[in-house]
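*Asks:* Sharing work.pdb, PDB, C-alpha atoms:
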ATOM      1  CA  MET A   1      44.601   0.730  44.046
ATOM      2  CA  THR A   2      42.896  -2.434  42.832
ATOM      3  CA  PHE A   3      39.475  -0.998  43.726
ATOM      4  CA  ARG A   4      40.181   2.210  41.773
ATOM      5  CA  PHE A   5      41.326   0.149  38.772
ATOM      6  CA  LYS A   6      38.058  -1.827  38.830
ATOM      7  CA  MET A   7      36.037   1.387  39.021
ATOM      8  CA  ASP A   8      37.906   2.790  36.005
ATOM      9  CA  VAL A   9      37.117  -0.366  34.004
ATOM     10  CA  ILE A  10      33.434  -0.181  34.966
ATOM     11  CA  ASP A  11      33.299   3.507  34.032
ATOM     12  CA  LYS A  12      34.822   2.809  30.622
ATOM     13  CA  GLU A  13      32.372  -0.047  29.974
ATOM     14  CA  ALA A  14      29.431   2.123  31.034
ATOM     15  CA  GLU A  15      30.654   4.944  28.824
ATOM     16  CA  SER A  16      30.995   2.560  25.892
ATOM     17  CA  VAL A  17      27.433   1.232  26.382
ATOM     18  CA  TYR A  18      26.138   4.792  26.717
ATOM     19  CA  GLU A  19      27.744   5.797  23.417
ATOM     20  CA  VAL A  20      26.305   2.773  21.603
ATOM     21  CA  PHE A  21      22.789   3.315  22.935
ATOM     22  CA  SER A  22      23.017   7.027  22.233
ATOM     23  CA  GLU A  23      23.534   6.133  18.586
ATOM     24  CA  TYR A  24      20.547   3.769  18.736
ATOM     25  CA  GLY A  25      18.469   6.525  20.324
ATOM     26  CA  ASP A  26      19.438   9.026  17.613
ATOM     27  CA  TYR A  27      18.586   6.448  14.959
ATOM     28  CA  LEU A  28      15.131   5.753  16.445
ATOM     29  CA  ILE A  29      14.380   9.470  16.714
ATOM     30  CA  ALA A  30      15.327   9.997  13.065
ATOM     31  CA  GLU A  31      13.322   6.917  12.025
ATOM     32  CA  SER A  32      10.265   8.163  13.896
ATOM     33  CA  ALA A  33      10.552  11.598  12.268
ATOM     34  CA  THR A  34      10.787  10.008   8.793
ATOM     35  CA  LYS A  35       7.708   7.848   9.367
ATOM     36  CA  GLU A  36       5.785  10.815  10.734
ATOM     37  CA  LYS A  37       6.647  12.842   7.642
ATOM     38  CA  LEU A  38       5.544   9.975   5.384
ATOM     39  CA  HIS A  39       2.275   9.500   7.261
ATOM     40  CA  GLU A  40       1.476  13.198   6.911
ATOM     41  CA  ALA A  41       2.159  13.042   3.163
ATOM     42  CA  VAL A  42      -0.037   9.938   2.828
ATOM     43  CA  LYS A  43      -2.882  11.687   4.671
ATOM     44  CA  ALA A  44      -2.719  14.509   2.135
ATOM     45  CA  VAL A  45      -3.011  11.989  -0.740
ATOM     46  CA  GLU A  46      -5.933  10.235   0.963
ATOM     47  CA  LYS A  47      -7.706  13.540   1.488
ATOM     48  CA  GLU A  48      -7.619  14.288  -2.239
ATOM     49  CA  SER A  49      -8.661  10.730  -3.135
ATOM     50  CA  ARG A  50     -11.686  10.967  -0.823
ATOM     51  CA  LYS A  51     -12.788  14.124  -2.614
ATOM     52  CA  MET A  52     -12.688  12.278  -5.927
ATOM     53  CA  TYR A  53     -14.498   9.229  -4.552
ATOM     54  CA  ASN A  54     -17.298  11.444  -3.264
ATOM     55  CA  ILE A  55     -17.760  12.841  -6.784
ATOM     56  CA  ILE A  56     -17.633   9.370  -8.378
ATOM     57  CA  GLN A  57     -20.538   8.260  -6.176
ATOM     58  CA  TYR A  58     -22.836  10.401  -8.324
ATOM     59  CA  ILE A  59     -22.695   7.675 -11.014
ATOM     60  CA  HIS A  60     -25.033   5.618  -8.837
ATOM     61  CA  ARG A  61     -27.766   8.252  -8.867
ATOM     62  CA  PRO A  62     -30.747   7.825 -11.219
ATOM     63  CA  GLY A  63     -30.179   9.627 -14.502
ATOM     64  CA  ALA A  64     -26.511  10.361 -13.742
ATOM     65  CA  ASP A  65     -24.483  12.013 -16.513
ATOM     66  CA  ILE A  66     -21.575   9.558 -16.309
ATOM     67  CA  PRO A  67     -19.347  11.143 -19.029
ATOM     68  CA  LYS A  68     -19.570  14.509 -17.266
ATOM     69  CA  ILE A  69     -18.754  12.955 -13.880
ATOM     70  CA  VAL A  70     -15.757  11.132 -15.403
ATOM     71  CA  GLU A  71     -14.489  14.361 -16.950
ATOM     72  CA  LYS A  72     -14.700  16.163 -13.610
ATOM     73  CA  CYS A  73     -12.850  13.348 -11.824
ATOM     74  CA  GLU A  74     -10.072  13.333 -14.416
ATOM     75  CA  ALA A  75      -9.434  17.008 -13.692
ATOM     76  CA  MET A  76      -9.155  16.224  -9.968
ATOM     77  CA  PHE A  77      -6.155  13.957 -10.571
ATOM     78  CA  THR A  78      -3.989  17.108 -10.823
ATOM     79  CA  ASP A  79      -4.227  17.652  -7.063
ATOM     80  CA  ILE A  80      -3.528  13.980  -6.422
ATOM     81  CA  HIS A  81      -0.403  14.165  -8.588
ATOM     82  CA  SER A  82       0.870  17.117  -6.531
ATOM     83  CA  ALA A  83       0.238  15.255  -3.252
ATOM     84  CA  LEU A  84       2.004  12.158  -4.592
ATOM     85  CA  LYS A  85       5.007  14.277  -5.569
ATOM     86  CA  ILE A  86       5.338  15.502  -1.976
ATOM     87  CA  LEU A  87       5.098  11.915  -0.715
ATOM     88  CA  ASP A  88       7.738  10.780  -3.199
ATOM     89  CA  GLU A  89      10.161  13.481  -2.063
ATOM     90  CA  ALA A  90       9.683  12.421   1.577
ATOM     91  CA  ILE A  91      10.857   8.842   0.878
ATOM     92  CA  PRO A  92      14.562   8.365   1.766
ATOM     93  CA  VAL A  93      16.828   7.217  -1.051
ATOM     94  CA  ASP A  94      16.816   3.436  -1.661
ATOM     95  CA  SER A  95      14.170   2.907   1.049
ATOM     96  CA  TYR A  96      11.077   2.079  -1.013
ATOM     97  CA  TRP A  97      10.543  -1.449   0.314
ATOM     98  CA  ARG A  98      11.415  -0.414   3.843
ATOM     99  CA  TYR A  99       8.473   1.999   4.108
ATOM    100  CA  GLN A 100       6.113   0.560   1.502
ATOM    101  CA  ASN A 101       3.541  -0.531   4.082
ATOM    102  CA  VAL A 102       2.961   3.146   4.895
ATOM    103  CA  TRP A 103       1.408   3.934   1.479
ATOM    104  CA  ASN A 104       0.604   0.632  -0.300
ATOM    105  CA  HIS A 105      -3.077   0.677   0.732
ATOM    106  CA  THR A 106      -3.384   4.278  -0.496
ATOM    107  CA  ILE A 107      -1.749   3.478  -3.835
ATOM    108  CA  SER A 108      -4.030   0.456  -4.383
ATOM    109  CA  TRP A 109      -7.023   2.707  -3.678
ATOM    110  CA  LEU A 110      -5.748   5.227  -6.247
ATOM    111  CA  SER A 111      -5.340   2.329  -8.671
ATOM    112  CA  PHE A 112      -9.016   1.497  -8.135
ATOM    113  CA  LEU A 113     -10.064   5.112  -8.782
ATOM    114  CA  GLY A 114      -7.984   5.262 -11.957
ATOM    115  CA  SER A 115      -9.300   1.882 -13.130
ATOM    116  CA  LEU A 116     -12.905   2.959 -12.543
ATOM    117  CA  ILE A 117     -12.457   6.190 -14.498
ATOM    118  CA  LEU A 118     -10.825   4.352 -17.399
ATOM    119  CA  TYR A 119     -13.482   1.624 -17.427
ATOM    120  CA  LEU A 120     -16.327   4.143 -17.476
ATOM    121  CA  LYS A 121     -14.716   5.757 -20.515
ATOM    122  CA  THR A 122     -14.059   2.574 -22.516
ATOM    123  CA  ASP A 123     -16.095  -0.316 -20.981
ATOM    124  CA  SER A 124     -12.925  -2.403 -21.211
ATOM    125  CA  LEU A 125     -10.092  -3.596 -18.987
ATOM    126  CA  PRO A 126      -7.890  -0.716 -17.744
ATOM    127  CA  GLU A 127      -4.352  -1.937 -18.374
ATOM    128  CA  MET A 128      -1.603  -1.320 -15.849
ATOM    129  CA  PRO A 129       0.345   1.275 -17.924
ATOM    130  CA  GLN A 130      -2.873   3.269 -18.420
ATOM    131  CA  VAL A 131      -3.672   3.209 -14.699
ATOM    132  CA  THR A 132      -0.080   4.149 -13.851
ATOM    133  CA  GLU A 133      -0.254   7.169 -16.112
ATOM    134  CA  ILE A 134      -3.635   8.470 -15.002
ATOM    135  CA  ILE A 135      -2.781   8.361 -11.291
ATOM    136  CA  GLY A 136       0.568  10.098 -11.906
ATOM    137  CA  LEU A 137       3.075   7.300 -11.276
ATOM    138  CA  LYS A 138       4.391   6.998 -14.815
ATOM    139  CA  LYS A 139       7.947   5.653 -15.003
ATOM    140  CA  GLY A 140      10.464   8.468 -14.762
ATOM    141  CA  GLY A 141       7.992  10.859 -13.187
ATOM    142  CA  MET A 142       8.738   9.849  -9.601
ATOM    143  CA  LYS A 143      11.957   9.210  -7.711
ATOM    144  CA  SER A 144      10.734   6.198  -5.710
ATOM    145  CA  LEU A 145       6.958   5.802  -5.896
ATOM    146  CA  ARG A 146       5.484   3.354  -8.408
ATOM    147  CA  LEU A 147       2.463   1.153  -8.966
ATOM    148  CA  ASP A 148       3.229  -2.478  -8.120
ATOM    149  CA  ILE A 149       1.391  -5.388  -9.747
ATOM    150  CA  GLU A 150      -0.260  -6.416  -6.479
ATOM    151  CA  GLU A 151      -1.579  -2.884  -5.905
ATOM    152  CA  TYR A 152      -2.929  -2.827  -9.465
ATOM    153  CA  LEU A 153      -4.694  -6.191  -9.002
ATOM    154  CA  LEU A 154      -6.186  -5.089  -5.674
ATOM    155  CA  GLY A 155      -7.541  -2.043  -7.477
ATOM    156  CA  LEU A 156      -9.242  -4.314 -10.031
ATOM    157  CA  CYS A 157     -10.838  -6.343  -7.220
ATOM    158  CA  GLN A 158     -12.270  -3.156  -5.746
ATOM    159  CA  LEU A 159     -13.412  -2.138  -9.237
ATOM    160  CA  CYS A 160     -15.571  -5.275  -9.451
ATOM    161  CA  ASN A 161     -17.214  -4.417  -6.161
ATOM    162  CA  GLU A 162     -18.079  -0.920  -7.391
ATOM    163  CA  LEU A 163     -19.344  -2.177 -10.762
ATOM    164  CA  SER A 164     -21.666  -4.712  -9.140
ATOM    165  CA  ARG A 165     -23.293  -1.813  -7.331
ATOM    166  CA  LEU A 166     -23.454   0.201 -10.552
ATOM    167  CA  ALA A 167     -25.158  -2.708 -12.338
ATOM    168  CA  VAL A 168     -27.984  -2.674  -9.788
ATOM    169  CA  ASN A 169     -28.359   1.116  -9.842
ATOM    170  CA  SER A 170     -28.302   1.236 -13.659
ATOM    171  CA  VAL A 171     -31.661  -0.517 -13.682
ATOM    172  CA  THR A 172     -33.128   2.404 -11.734
ATOM    173  CA  SER A 173     -31.842   4.719 -14.467
ATOM    174  CA  GLU A 174     -33.385   2.412 -17.108
ATOM    175  CA  ASP A 175     -29.933   1.725 -18.547
ATOM    176  CA  TYR A 176     -30.667  -1.956 -19.081
ATOM    177  CA  GLN A 177     -27.694  -2.785 -21.294
ATOM    178  CA  ARG A 178     -25.020  -1.580 -18.850
ATOM    179  CA  PRO A 179     -25.485  -4.564 -16.468
ATOM    180  CA  VAL A 180     -24.929  -6.889 -19.462
ATOM    181  CA  ARG A 181     -21.672  -5.129 -20.372
ATOM    182  CA  ILE A 182     -20.560  -5.195 -16.740
ATOM    183  CA  LYS A 183     -21.317  -8.919 -16.491
ATOM    184  CA  ASN A 184     -19.269  -9.700 -19.589
ATOM    185  CA  PHE A 185     -16.348  -7.625 -18.302
ATOM    186  CA  MET A 186     -16.405  -9.173 -14.825
ATOM    187  CA  ASN A 187     -16.683 -12.665 -16.309
ATOM    188  CA  ALA A 188     -13.539 -12.103 -18.359
ATOM    189  CA  LEU A 189     -11.720 -10.529 -15.416
ATOM    190  CA  TYR A 190     -12.665 -13.393 -13.095
ATOM    191  CA  THR A 191     -11.329 -15.869 -15.649
ATOM    192  CA  GLY A 192      -8.073 -13.918 -15.816
ATOM    193  CA  PHE A 193      -7.661 -13.943 -12.027
ATOM    194  CA  ARG A 194      -8.191 -17.708 -11.959
ATOM    195  CA  MET A 195      -5.111 -18.085 -14.137
ATOM    196  CA  LEU A 196      -2.976 -16.655 -11.313
ATOM    197  CA  ASN A 197      -1.488 -18.885  -8.630
ATOM    198  CA  LEU A 198      -2.563 -16.796  -5.661
ATOM    199  CA  LYS A 199      -1.496 -17.671  -2.124
ATOM    200  CA  ASN A 200      -3.661 -17.317   0.971
ATOM    201  CA  ASP A 201      -3.042 -13.601   1.437
ATOM    202  CA  ASN A 202      -4.937 -10.319   1.114
ATOM    203  CA  LEU A 203      -5.035 -10.484  -2.685
ATOM    204  CA  ARG A 204      -6.472 -14.016  -2.567
ATOM    205  CA  LYS A 205      -9.232 -12.898  -0.196
ATOM    206  CA  ARG A 206     -10.106  -9.939  -2.391
ATOM    207  CA  PHE A 207     -10.144 -12.185  -5.465
ATOM    208  CA  ASP A 208     -12.599 -14.536  -3.750
ATOM    209  CA  SER A 209     -14.996 -11.610  -3.333
ATOM    210  CA  ILE A 210     -15.193 -11.163  -7.134
ATOM    211  CA  LYS A 211     -17.327 -14.284  -7.573
ATOM    212  CA  TYR A 212     -19.941 -12.892  -5.173
ATOM    213  CA  ASP A 213     -19.980  -9.556  -7.010
ATOM    214  CA  LEU A 214     -20.292 -11.425 -10.313
ATOM    215  CA  LYS A 215     -23.119 -13.550  -8.942
ATOM    216  CA  LYS A 216     -25.022 -10.388  -7.983
ATOM    217  CA  VAL A 217     -24.629  -8.944 -11.487
ATOM    218  CA  GLU A 218     -25.664 -12.228 -13.130
ATOM    219  CA  GLU A 219     -28.890 -12.215 -11.116
ATOM    220  CA  VAL A 220     -29.627  -8.669 -12.285
ATOM    221  CA  VAL A 221     -29.003  -9.606 -15.930
ATOM    222  CA  TYR A 222     -31.151 -12.727 -15.632
ATOM    223  CA  ASP A 223     -34.081 -10.759 -14.184
ATOM    224  CA  LEU A 224     -33.775  -8.191 -16.980
ATOM    225  CA  SER A 225     -33.557 -10.864 -19.679
ATOM    226  CA  ILE A 226     -36.664 -12.802 -18.630
ATOM    227  CA  ARG A 227     -38.550  -9.490 -18.654
ATOM    228  CA  LYS A 228     -37.097  -8.784 -22.108
ATOM    229  CA  LEU A 229     -35.601  -5.493 -20.956
ATOM    230  CA  CYS A 230     -32.108  -6.216 -22.282
ATOM    231  CA  GLN A 231     -30.555  -8.019 -25.206
ATOM    232  CA  ILE A 232     -28.734 -11.214 -24.312
ATOM    233  CA  SER A 233     -27.836 -14.237 -26.408
ATOM    234  CA  THR A 234     -29.801 -17.475 -26.019
ATOM    235  CA  LEU A 235     -26.644 -19.290 -24.878
ATOM    236  CA  GLU A 236     -26.015 -16.729 -22.142
ATOM    237  CA  LEU A 237     -29.661 -16.858 -21.074
ATOM    238  CA  GLU A 238     -29.536 -20.664 -20.761
ATOM    239  CA  GLY A 239     -26.383 -20.303 -18.653
ATOM    240  CA  GLU A 240     -28.034 -17.825 -16.313
ATOM    241  CA  SER A 241     -31.159 -19.978 -16.140
ATOM    242  CA  SER A 242     -29.168 -23.094 -15.222
ATOM    243  CA  LYS A 243     -27.386 -21.210 -12.440
ATOM    244  CA  THR A 244     -30.691 -19.976 -11.053
ATOM    245  CA  GLY A 245     -32.125 -23.471 -11.383
ATOM    246  CA  ASP A 246     -29.203 -24.940  -9.449
ATOM    247  CA  LYS A 247     -29.884 -22.552  -6.605
ATOM    248  CA  GLU A 248     -33.623 -23.331  -6.540
ATOM    249  CA  ALA A 249     -33.245 -27.122  -6.884
ATOM    250  CA  PRO A 250     -32.608 -27.872  -3.176
ATOM    251  CA  LYS A 251     -35.595 -25.711  -2.254
ATOM    252  CA  LYS A 252     -37.853 -27.588  -4.685
ATOM    253  CA  GLU A 253     -36.732 -30.935  -3.242
ATOM    254  CA  GLU A 254     -37.607 -29.717   0.247
ATOM    255  CA  ASP A 255     -41.036 -28.557  -0.962
ATOM    256  CA  LYS A 256     -41.712 -31.996  -2.537
ATOM    257  CA  LYS A 257     -40.692 -33.686   0.680
ATOM    258  CA  GLU A 258     -43.021 -31.507   2.748
ATOM    259  CA  VAL A 259     -45.929 -32.181   0.354
ATOM    260  CA  SER A 260     -45.395 -35.951   0.477
ATOM    261  CA  GLU A 261     -45.227 -35.908   4.260
ATOM    262  CA  THR A 262     -48.426 -33.850   4.428
ATOM    263  CA  GLN A 263     -50.217 -36.263   2.065
ATOM    264  CA  GLY A 264     -49.084 -39.177   4.175
ATOM    265  CA  VAL A 265     -50.600 -37.634   7.300
ATOM    266  CA  ASP A 266     -53.878 -36.890   5.513
ATOM    267  CA  GLU A 267     -54.205 -40.521   4.453
ATOM    268  CA  VAL A 268     -53.511 -41.963   7.913
ATOM    269  CA  ASP A 269     -55.601 -39.618  10.046
ATOM    270  CA  PRO A 270     -59.055 -40.638   8.685
ATOM    271  CA  GLU A 271     -58.306 -44.327   9.245
ATOM    272  CA  ALA A 272     -57.235 -43.607  12.810
ATOM    273  CA  LYS A 273     -60.631 -42.093  13.478
TER     274      LYS A 273
END
Would you write the structure of this file as structure tokens?

*Replies:*
Amino acid sequence: MTFRFKMDVIDKEAESVYEVFSEYGDYLIAESATKEKLHEAVKAVEKESRKMYNIIQYIHRPGADIPKIVEKCEAMFTDIHSALKILDEAIPVDSYWRYQNVWNHTISWLSFLGSLILYLKTDSLPEMPQVTEIIGLKKGGMKSLRLDIEEYLLGLCQLCNELSRLAVNSVTSEDYQRPVRIKNFMNALYTGFRMLNLKNDNLRKRFDSIKYDLKKVEEVVYDLSIRKLCQISTLELEGESSKTGDKEAPKKEEDKKEVSETQGVDEVDPEAK
């Protein structure tokens, strides 16, 4: 009798554990299905964004018709908007922050594409509301999806990288003033980023890359200015010259040292003979 009573207790405990873990299992299955649906929707968005990026690359070709390329890319945002709508509908209610890591990289990349298109049209800073509208995440248009500040700033970091490449390739197209405009824009943007108190995270690392992109553009502008191929103020030219001089100074010191050592050897050797 006692043995049967113990077995009944064990059976009830086992049944209780089974019911609890069955609920956990159902939850994990549902969670996995939701993530799979989101990943599929994100892949569709990325597919459309890659198509646009491939078209944008034509701006780096010699003699590229940039206004025409920009116009074509703007038309391609329609397909991206449709893909984003599907992604937005797949996000469970009140679960934006829970699944944000699934699409945040994709949204920051779209922010870069939108920022690049807007910059090529105006040669000025693409503001966040403008970028939000062009990529299709305008407030009220989506149930959950939106453009966060960090995603917008990451897009601007990527924009600097693309513009540094454009500055170099513009010289091939004999568009000598574009590198100057790009330098001025990146200088202002770099100053703006320095006003932010960034922690040691992904955004901080991407911000640090801006100074290397800016340095590349400054070297292009300096080379053009000393060849008198672009218009640049005397103050700016002196600034570029001082930066170049700072880089060459250690090399000049080494050269002087080598020359002095060589002279010293030449003076001693004849006496030794």

*Asks:* Box for range 67-77 of chain A - axis-aligned, 8 Å on each of the six sides, all listed atoms - centre and size in Å to one decimal, as JSON.

*Replies:*
{"center_x": -12.9, "center_y": 14.1, "center_z": -14.5, "size_x": 29.4, "size_y": 21.9, "size_z": 25.1}

*Asks:* Between A:Ala188, A:Ile66, A:Leu229, A:Val168, which is the closest to Leu120 in chain A once you count only C-alpha atoms?

*Replies:*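 Using only C-alpha atoms, Leu120 in chain A sits closest to A:Ile66.
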
*Asks:* Between A:Ala44, A:Leu38, A:Cys160, A:Leu147, which has the minimum distance to Ser95 in chain A (counting all atoms listed in the file)?

*Replies:*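 Closest to Ser95 in chain A of all the choices is A:Leu38.
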
*Asks:* Interatomic distance between CA of Asp79 in chain A and CA of Glu48 in chain A?

*Replies:* 6.8 Å

*Asks:* Please expand the PyMOL selection byres ((chain A and resi 219-224) around 9) into the concrete residues it hits in this file, giving the result as number ranges by chain.

*Replies:* A: 167-168, 171, 176-177, 179-180, 183, 214-218, 225-232, 237, 240-241, 244

*Asks:* Which residue is closest to Thr132 in chain A? Choose from A:Tyr18, A:Leu166, A:Phe77, A:Ser32 and count only C-alpha atoms.

*Replies:*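 Using only C-alpha atoms, Thr132 in chain A sits closest to A:Phe77.
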
*Asks:* Can you pull out every residue within 10 Å of Ser144 in chain A, counting only C-alpha atoms, but drop anything in the same chain fewer than 4 positions away, and send it as a ChimeraX atom specification?

*Replies:* /A:85,87-97,137,139-140

*Asks:* When the PyMOL selection byres ((chain A and resi 53) around 12) is applied to the file above, which residues end up in the set, as a PyMOL selection string?

*Replies:* chain A and resi 46-52+54-60+69-70+72-74+76-77+109-110+112-114+116-117+162

*Asks:* Could the residues in this selection be saved with C-alpha atoms as a CSV table (one decimal), in the coordinates of the input?

*Replies:*
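Printed below is out.csv as written:
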chain,number,residue,atom,x,y,z
A,46,GLU,CA,-5.9,10.2,1.0
A,47,LYS,CA,-7.7,13.5,1.5
A,48,GLU,CA,-7.6,14.3,-2.2
A,49,SER,CA,-8.7,10.7,-3.1
A,50,ARG,CA,-11.7,11.0,-0.8
A,51,LYS,CA,-12.8,14.1,-2.6
A,52,MET,CA,-12.7,12.3,-5.9
A,54,ASN,CA,-17.3,11.4,-3.3
A,55,ILE,CA,-17.8,12.8,-6.8
A,56,ILE,CA,-17.6,9.4,-8.4
A,57,GLN,CA,-20.5,8.3,-6.2
A,58,TYR,CA,-22.8,10.4,-8.3
A,59,ILE,CA,-22.7,7.7,-11.0
A,60,HIS,CA,-25.0,5.6,-8.8
A,69,ILE,CA,-18.8,13.0,-13.9
A,70,VAL,CA,-15.8,11.1,-15.4
A,72,LYS,CA,-14.7,16.2,-13.6
A,73,CYS,CA,-12.8,13.3,-11.8
A,74,GLU,CA,-10.1,13.3,-14.4
A,76,MET,CA,-9.2,16.2,-10.0
A,77,PHE,CA,-6.2,14.0,-10.6
A,109,TRP,CA,-7.0,2.7,-3.7
A,110,LEU,CA,-5.7,5.2,-6.2
A,112,PHE,CA,-9.0,1.5,-8.1
A,113,LEU,CA,-10.1,5.1,-8.8
A,114,GLY,CA,-8.0,5.3,-12.0
A,116,LEU,CA,-12.9,3.0,-12.5
A,117,ILE,CA,-12.5,6.2,-14.5
A,162,GLU,CA,-18.1,-0.9,-7.4

*Asks:* List the neighbours of Asn101 in chain A out to 12 Å using all atoms listed in the file; skip same-chain residues closer than 6 positions along the sequence, and give me the result as a PyMOL selection string.

*Replies:* chain A and resi 35+38-39+42+95+107-108+151

*Asks:* Quick check, in Å to one decimal: how far apart do CA of Glu133 in chain A and CA of Arg146 in chain A lie?

*Replies:*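 These atoms are spaced 10.3 Å apart.
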
*Asks:* Could you check the closest approach to Phe185 in chain A for each of A:Leu203, A:Leu159, A:Ile29, A:Leu125 and tell me which residue wins, using all atoms listed in the file?

*Replies:* A:Leu125

*Asks:* Check the smallest atom-to-atom distance from each of A:Gln158, A:Asn169, A:Ser22, A:Ser115 to Ile210 in chain A using all atoms listed in the file, then report the winner.

*Replies:* A:Gln158

*Asks:* Suppose you want the space between CA of Thr78 in chain A and CA of Gly136 in chain A; what is it in Å?

*Replies:*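 CA of Gly136 in chain A lies at a distance of 8.4 Å from CA of Thr78 in chain A.
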
*Asks:* Considering all atoms listed in the file, can you say which of A:Asn197, A:Thr34, A:Ser111, A:Asn202 comes closest to Pro126 in chain A?

*Replies:*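 Among the listed residues, the smallest separation from Pro126 in chain A belongs to A:Ser111.
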
*Asks:* Any chance you could build range 226-232 of chain A out to all heavy atoms and write it as a PDB file, in the coordinates of the input?

*Replies:*
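So the final result, stored in rebuild.pdb, reads:
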ATOM      1  N   ILE A 226     -35.369 -12.110 -18.609  1.00  0.00           N
ATOM      2  CA  ILE A 226     -36.664 -12.802 -18.630  1.00  0.00           C
ATOM      3  C   ILE A 226     -37.821 -11.814 -18.767  1.00  0.00           C
ATOM      4  O   ILE A 226     -38.924 -12.198 -19.163  1.00  0.00           O
ATOM      5  CB  ILE A 226     -36.858 -13.677 -17.370  1.00  0.00           C
ATOM      6  CG1 ILE A 226     -36.839 -12.828 -16.094  1.00  0.00           C
ATOM      7  CG2 ILE A 226     -35.821 -14.779 -17.327  1.00  0.00           C
ATOM      8  CD1 ILE A 226     -37.120 -13.629 -14.837  1.00  0.00           C
ATOM      9  N   ARG A 227     -37.556 -10.553 -18.446  1.00  0.00           N
ATOM     10  CA  ARG A 227     -38.550  -9.490 -18.654  1.00  0.00           C
ATOM     11  C   ARG A 227     -38.372  -8.802 -20.001  1.00  0.00           C
ATOM     12  O   ARG A 227     -39.047  -7.830 -20.305  1.00  0.00           O
ATOM     13  CB  ARG A 227     -38.459  -8.462 -17.525  1.00  0.00           C
ATOM     14  CG  ARG A 227     -38.951  -9.001 -16.191  1.00  0.00           C
ATOM     15  CD  ARG A 227     -38.621  -8.053 -15.045  1.00  0.00           C
ATOM     16  NE  ARG A 227     -39.195  -8.487 -13.786  1.00  0.00           N
ATOM     17  CZ  ARG A 227     -38.682  -9.437 -13.012  1.00  0.00           C
ATOM     18  NH1 ARG A 227     -37.576 -10.064 -13.398  1.00  0.00           N
ATOM     19  NH2 ARG A 227     -39.262  -9.785 -11.887  1.00  0.00           N
ATOM     20  N   LYS A 228     -37.393  -9.307 -20.770  1.00  0.00           N
ATOM     21  CA  LYS A 228     -37.097  -8.784 -22.108  1.00  0.00           C
ATOM     22  C   LYS A 228     -36.776  -7.296 -22.088  1.00  0.00           C
ATOM     23  O   LYS A 228     -37.183  -6.536 -22.971  1.00  0.00           O
ATOM     24  CB  LYS A 228     -38.275  -9.063 -23.053  1.00  0.00           C
ATOM     25  CG  LYS A 228     -38.551 -10.554 -23.242  1.00  0.00           C
ATOM     26  CD  LYS A 228     -39.686 -10.787 -24.206  1.00  0.00           C
ATOM     27  CE  LYS A 228     -39.933 -12.302 -24.391  1.00  0.00           C
ATOM     28  NZ  LYS A 228     -41.045 -12.576 -25.332  1.00  0.00           N
ATOM     29  N   LEU A 229     -36.011  -6.899 -21.078  1.00  0.00           N
ATOM     30  CA  LEU A 229     -35.601  -5.493 -20.956  1.00  0.00           C
ATOM     31  C   LEU A 229     -34.185  -5.267 -21.459  1.00  0.00           C
ATOM     32  O   LEU A 229     -33.726  -4.131 -21.550  1.00  0.00           O
ATOM     33  CB  LEU A 229     -35.700  -5.035 -19.494  1.00  0.00           C
ATOM     34  CG  LEU A 229     -37.118  -4.977 -18.921  1.00  0.00           C
ATOM     35  CD1 LEU A 229     -37.070  -4.667 -17.426  1.00  0.00           C
ATOM     36  CD2 LEU A 229     -37.948  -3.934 -19.660  1.00  0.00           C
ATOM     37  N   CYS A 230     -33.467  -6.346 -21.748  1.00  0.00           N
ATOM     38  CA  CYS A 230     -32.108  -6.216 -22.282  1.00  0.00           C
ATOM     39  C   CYS A 230     -31.865  -7.299 -23.310  1.00  0.00           C
ATOM     40  O   CYS A 230     -32.552  -8.332 -23.316  1.00  0.00           O
ATOM     41  CB  CYS A 230     -31.062  -6.293 -21.164  1.00  0.00           C
ATOM     42  SG  CYS A 230     -30.919  -7.921 -20.404  1.00  0.00           S
ATOM     43  N   GLN A 231     -30.906  -7.060 -24.169  1.00  0.00           N
ATOM     44  CA  GLN A 231     -30.555  -8.019 -25.206  1.00  0.00           C
ATOM     45  C   GLN A 231     -29.451  -8.933 -24.694  1.00  0.00           C
ATOM     46  O   GLN A 231     -28.403  -8.471 -24.268  1.00  0.00           O
ATOM     47  CB  GLN A 231     -30.085  -7.290 -26.461  1.00  0.00           C
ATOM     48  CG  GLN A 231     -31.173  -6.459 -27.128  1.00  0.00           C
ATOM     49  CD  GLN A 231     -30.677  -5.751 -28.361  1.00  0.00           C
ATOM     50  OE1 GLN A 231     -29.508  -5.808 -28.682  1.00  0.00           O
ATOM     51  NE2 GLN A 231     -31.583  -5.092 -29.065  1.00  0.00           N
ATOM     52  N   ILE A 232     -29.716 -10.231 -24.767  1.00  0.00           N
ATOM     53  CA  ILE A 232     -28.734 -11.214 -24.312  1.00  0.00           C
ATOM     54  C   ILE A 232     -28.889 -12.450 -25.184  1.00  0.00           C
ATOM     55  O   ILE A 232     -30.008 -12.815 -25.565  1.00  0.00           O
ATOM     56  CB  ILE A 232     -28.952 -11.560 -22.814  1.00  0.00           C
ATOM     57  CG1 ILE A 232     -27.864 -12.519 -22.322  1.00  0.00           C
ATOM     58  CG2 ILE A 232     -30.310 -12.108 -22.555  1.00  0.00           C
ATOM     59  CD1 ILE A 232     -27.904 -12.742 -20.812  1.00  0.00           C
TER      60      ILE A 232
END
